[in-house]
Amino acid sequence: GAKVGALGVKAFGTAVKTAMGPIGLALSAVAGLGAAFNTMKEIEFASAKFRTLGGDSDVLSNKLKLVAIELNGAASVAELTGAAYDVASAGFTDAADAAMILKAASLGATGGFTDINTSGGAAVKVLNAYGLEAKDAAALMDKFAQTQADGIITIGQYSQNIGKVATTAAGLKVPLEEVNAVIAQSTAAGTNIETAFSGLNSALAKISSGQAGKKLGIDLNEATLKTEGLQGALAKLEGFSTGELQEAFGIEAFKGIQVAIQDTEKLNKLIANQADSQGAAQDAAIIAANTIQGAFKRVTNSFSNLFAEQSELGAAIRITLQGVSVVIDGLG
């Protein structure tokens, strides 16, 4: 009896499996359409946000598709478009400018183990602080990557803290290369990242006001920074004891420049590294991308880019979705 019953159950199972085949295919198709729809929805919404700030989203979309190709799938059009709003919010509403910044930001994100919004945030903060243009973003990202290589800091951490010192340094005409070198040297020696930035900012204020120089009995002020740079200003402090410098600068400010004062030869080398940093972001991105995770991300992004808002497949999906809705209505 069990044997006969088993045959019946098997036959029933085969029938169910046969019936479920087309349903399974339909569900897979719906899931695929859903993924495509989500990508198109993300891009469309991000484009609308960009337009609210006066940007031309159509031009941006075309340029970002080219950027995605140039990046070899390291970033999707959806990611790039999503980050465009923050870039535009910082004043870069021209589509061509935004695309240049986002390309640099993508390289920084890949090589700096962060996201495009974060690396792009670092770029626009420094661009605005130093009065630079979008075309300078690539060179800035190289300097950020070099700082990451020379210090114990990631581009993501750099982005979160550079705002603490960039405006002050730019106002005092202190080159970014010197700022980055001090940060790299401090963090490499174990200084807390936030302390390195806030301490350097405080030290610049103490130097430019003449307060520290007056306490130490030396000529050290804003004019010193403009004529000799931060490098020259710190060199004037080499002969003083730790106690004297702490008294003149205060604990926090001293922590920001302590390591640089103790080893000016290393500081000079790191400044030279900043000057020779061209291609550093690209090199870091290649290393990070040449992994299983990087390869998987490229495949995912390439698939996502098939459904970009203005792609041929995207248009086909849009028509298909409309057809599906008609069929569903008919079934109803």
# chains A, B, ... in the order shown; residues from 1 in each chain; ligands from 1
>>> select_by_dssp(residues="stretch 143-240 of chain A", states="helix (DSSP H, G or I)", output="PyMOL selection string")
chain A and resi 143-150+155-164+166-171+176-188+193-208+211-216+222-235
>>> closest_atom_pairs(of="stretch 78-190 of chain A", to="stretch 228-246 of chain A", cutoff="12 Å", atoms="only C-alpha atoms", output="Markdown table")
| residue | atom | partner | partner_atom | distance |
| --- | --- | --- | --- | --- |
| A:Ala169 | CA | A:Leu230 | CA | 9.4 |
| A:Ala170 | CA | A:Gly229 | CA | 11.6 |
| A:Leu172 | CA | A:Gly229 | CA | 9.2 |
| A:Lys173 | CA | A:Gly229 | CA | 7.9 |
| A:Val174 | CA | A:Gly229 | CA | 6.0 |
| A:Pro175 | CA | A:Gly229 | CA | 7.6 |
| A:Leu176 | CA | A:Leu230 | CA | 10.2 |
| A:Glu177 | CA | A:Leu230 | CA | 10.1 |
| A:Glu178 | CA | A:Leu230 | CA | 6.6 |
| A:Val179 | CA | A:Leu230 | CA | 8.1 |
| A:Asn180 | CA | A:Leu230 | CA | 11.3 |
| A:Ala181 | CA | A:Gln231 | CA | 9.7 |
| A:Val182 | CA | A:Gln231 | CA | 9.2 |
>>> write_last_selection(atoms="N, CA, C and O atoms", output="compact mmCIF listing (two decimals), in the first residue's frame")
# COMPACT_ATOMS: atom_id res chain seq x y z
N ALA A 169 43.88 77.34 7.08
CA ALA A 169 45.13 77.22 6.33
C ALA A 169 45.08 78.01 5.04
O ALA A 169 46.04 78.72 4.68
N ALA A 170 43.95 77.92 4.33
CA ALA A 170 43.83 78.65 3.07
C ALA A 170 43.87 80.16 3.30
O ALA A 170 44.50 80.90 2.53
N LEU A 172 45.45 81.71 5.54
CA LEU A 172 46.82 82.10 5.88
C LEU A 172 47.81 81.78 4.77
O LEU A 172 49.02 81.91 4.95
N LYS A 173 47.29 81.33 3.62
CA LYS A 173 48.12 81.00 2.45
C LYS A 173 49.07 79.83 2.71
O LYS A 173 50.15 79.73 2.12
N VAL A 174 48.68 78.94 3.63
CA VAL A 174 49.49 77.75 3.90
C VAL A 174 49.13 76.70 2.86
O VAL A 174 47.97 76.31 2.75
N PRO A 175 50.08 76.23 2.07
CA PRO A 175 49.79 75.25 1.02
C PRO A 175 49.19 73.96 1.58
O PRO A 175 49.56 73.52 2.68
N LEU A 176 48.28 73.37 0.84
CA LEU A 176 47.66 72.12 1.27
C LEU A 176 48.71 71.03 1.44
O LEU A 176 48.57 70.17 2.32
N GLU A 177 49.75 71.05 0.61
CA GLU A 177 50.80 70.04 0.72
C GLU A 177 51.42 70.02 2.12
O GLU A 177 51.71 68.96 2.66
N GLU A 178 51.61 71.21 2.70
CA GLU A 178 52.20 71.27 4.04
C GLU A 178 51.21 70.80 5.10
O GLU A 178 51.60 70.11 6.05
N VAL A 179 49.95 71.15 4.92
CA VAL A 179 48.92 70.68 5.85
C VAL A 179 48.86 69.15 5.84
O VAL A 179 48.88 68.49 6.89
N ASN A 180 48.79 68.58 4.64
CA ASN A 180 48.70 67.13 4.51
C ASN A 180 49.93 66.42 5.07
O ASN A 180 49.83 65.35 5.68
N ALA A 181 51.09 67.01 4.85
CA ALA A 181 52.33 66.40 5.34
C ALA A 181 52.34 66.34 6.86
O ALA A 181 52.73 65.33 7.46
N VAL A 182 51.92 67.43 7.50
CA VAL A 182 51.88 67.46 8.97
C VAL A 182 50.87 66.43 9.49
O VAL A 182 51.14 65.71 10.46
>>> closest_residue(among="A:Asp150, A:Asn117, A:Leu66, A:Gly131", to="A:Ala272", atoms="only C-alpha atoms")
A:Asp150
>>> closest_residue(among="A:Ala105, A:Ala289, A:Ala281, A:Ile207", to="A:Val67", atoms="only C-alpha atoms")
A:Ala105
>>> closest_residue(among="A:Leu140, A:Ala134, A:Ile69, A:Met40", to="A:Asp276", atoms="only C-alpha atoms")
A:Leu140
>>> closest_residue(among="A:Ile328, A:Ala223, A:Ala253, A:Ile183", to="A:Leu267", atoms="only C-alpha atoms")
A:Ile183
>>> residues_around(residues="A:Gln211", least_positions_apart="5", cutoff="12 Å", atoms="only C-alpha atoms", output="VMD selection string")
chain A and resid 202 to 206 216 to 222 245 247 to 250
>>> residues_around(residues="A:Ala99", least_positions_apart="2", cutoff="7 Å", atoms="only C-alpha atoms", output="JSON, numbers by chain")
{"A": [60, 63, 64, 95, 96, 97, 101, 102, 103]}
>>> closest_residue(among="A:Ala137, A:Ala149, A:Ala74, A:Ala6", to="A:Ala284", atoms="only C-alpha atoms")
A:Ala149
